[in-house]
Amino acid sequence: MTSQIQVVNAALRMIGTRRITALDQGSVEAVEAEDAWDRVRDATLRGHPWNFAMKRASLAAHADAPAWGFTTAYPIPSDCLRVWAVKDISWRDWKVERHGTDPDEVTAILANTTGALYISYVQRVEDLSHWDSLAIRVLECDLALELAKKITDSNPDVESIYQRRREALREAKVADAVENPPADTGYDDWVYAREDGVGSRGPGFIY
């Protein structure tokens, strides 16, 4: 199982600087790594619909309707980093925005529907034991690129890190695709209109 310190040290190794034994040890490397960790981890997760981070949920409607444009607001889960799909609704009929007024403002899916809303989303996964090993390689590269900006005594080959990241992400995407066959999204409104002259929504998840 890969630990947080192992990921940090892999990133530090890429930029050619000292490794650490703990995030609280007080060195420049440890301080910068601790400061960057949550931000970089969440950005890596949000950047791709990783199979290991995908989660499904049923959302209840907010008590207050949107001011205009949509019929219903659905607050997103607190661990949601990216809404990936909404079941049985055309992409034209939902969007993610802030909803409500201070101090009760929330991030919500505004949608033209009623009742429960079924979604899949990228979850914030804090425990590295739940991460795919290929995604961890991408995280190491992302952290290295972030730390290279902060640790001035390092002299990294940034382009080689970008190249390593591209290769790691490509390999991870292939593995994810093999384990996650495409869903049947059905026809969209344009196809239905072409076939029978009447627009209607297809079944399944509409991306």
# chains A, B, ... in the order shown; residues from 1 in each chain; ligands from 1

$ select_by_dssp --residues "stretch 2-205 of chain A" --states "helix (DSSP H, G or I)" --output "VMD selection string"
chain A and resid 4 to 14 28 to 46 51 to 53 91 to 93 128 to 130 133 to 150 158 to 179 189 to 196

$ closest_atom_pairs --of "stretch 96-188 of chain A" --to "stretch 6-30 of chain A" --cutoff "8 Å" --atoms "only C-alpha atoms" --output "Markdown table"
| residue | atom | partner | partner_atom | distance |
| --- | --- | --- | --- | --- |
| A:Ile136 | CA | A:Val7 | CA | 7.5 |
| A:Leu139 | CA | A:Val7 | CA | 7.7 |
| A:Glu140 | CA | A:Ala11 | CA | 5.1 |
| A:Cys141 | CA | A:Ala11 | CA | 6.2 |
| A:Leu143 | CA | A:Ala11 | CA | 5.9 |
| A:Ala144 | CA | A:Ala11 | CA | 4.3 |
| A:Leu147 | CA | A:Leu12 | CA | 7.6 |
| A:Ala148 | CA | A:Ile15 | CA | 6.3 |
| A:Ile151 | CA | A:Glu29 | CA | 7.0 |
| A:Asp153 | CA | A:Thr17 | CA | 7.6 |
| A:Ser154 | CA | A:Thr17 | CA | 5.6 |
| A:Asn155 | CA | A:Ile15 | CA | 6.5 |
| A:Pro156 | CA | A:Ile15 | CA | 4.4 |
| A:Asp157 | CA | A:Ile15 | CA | 7.2 |
| A:Val158 | CA | A:Ile15 | CA | 8.0 |
| A:Ile161 | CA | A:Met14 | CA | 7.2 |

$ residues_around --residues "A:Glu105" --least-positions-apart "2" --cutoff "12 Å" --atoms "only C-alpha atoms" --output "PyMOL selection string"
chain A and resi 62+64+66+73-76+97-103+107-108

$ atom_distance --atom1 "atom CA of A:Asp38" --atom2 "atom CA of A:Arg56"
22.9 Å

$ atom_distance --atom1 "atom CA of A:Ile119" --atom2 "atom CA of A:Val86"
4.5 Å

$ closest_residue --among "A:Lys95, A:Asp142, A:Lys149, A:Leu128" --to "A:Arg166" --atoms "only C-alpha atoms"
A:Asp142

$ residues_around --residues "A:Cys80" --least-positions-apart "3" --cutoff "9 Å" --atoms "only C-alpha atoms" --output "ChimeraX atom specification"
/A:55,76-77,83,121-124

$ select_by_dssp --residues "stretch 75-116 of chain A" --states "strand (DSSP E or B)" --output "list in words"
Pro75, Cys80, Leu81, Arg82, Val83, Trp84, Ala85, Val86, Lys87, Trp94, Lys95, Val96, Glu97, Arg98, His99, Val106, Thr107, Ala108, Ile109, Leu110 and Ala111 of chain A

$ closest_residue --among "A:Phe52, A:Ser3, A:Val31, A:Arg46" --to "A:Glu179" --atoms "only C-alpha atoms"
A:Phe52

$ atom_distance --atom1 "atom CA of A:Trp37" --atom2 "atom CA of A:Ala57"
26.8 Å

$ residues_around --residues "A:Asp127" --least-positions-apart "4" --cutoff "10 Å" --atoms "only C-alpha atoms" --output "list in words"
Thr2, Ser3, Gln4 and Trp131 of chain A

$ write_last_selection --atoms "N, CA and C atoms" --output "short mmCIF file (atom, residue, chain, number, x, y, z; two decimals), in the first residue's frame"
data_model
loop_
_atom_site.label_atom_id
_atom_site.label_comp_id
_atom_site.auth_asym_id
_atom_site.auth_seq_id
_atom_site.Cartn_x
_atom_site.Cartn_y
_atom_site.Cartn_z
N THR A 2 0.62 2.16 -0.88
CA THR A 2 1.38 3.40 -0.99
C THR A 2 0.95 4.39 0.08
N SER A 3 1.92 5.01 0.74
CA SER A 3 1.62 5.99 1.79
C SER A 3 1.77 7.40 1.25
N GLN A 4 1.27 8.36 2.00
CA GLN A 4 1.40 9.76 1.62
C GLN A 4 2.87 10.17 1.53
N TRP A 131 -6.86 4.20 -3.77
CA TRP A 131 -6.46 4.72 -5.07
C TRP A 131 -5.94 3.61 -5.97
#

$ residues_around --residues "A:Thr44" --least-positions-apart "4" --cutoff "9 Å" --atoms "only C-alpha atoms" --output "list in words"
Arg39, Val40, His48, Ala135, Val138, Leu139 and Asp142 of chain A
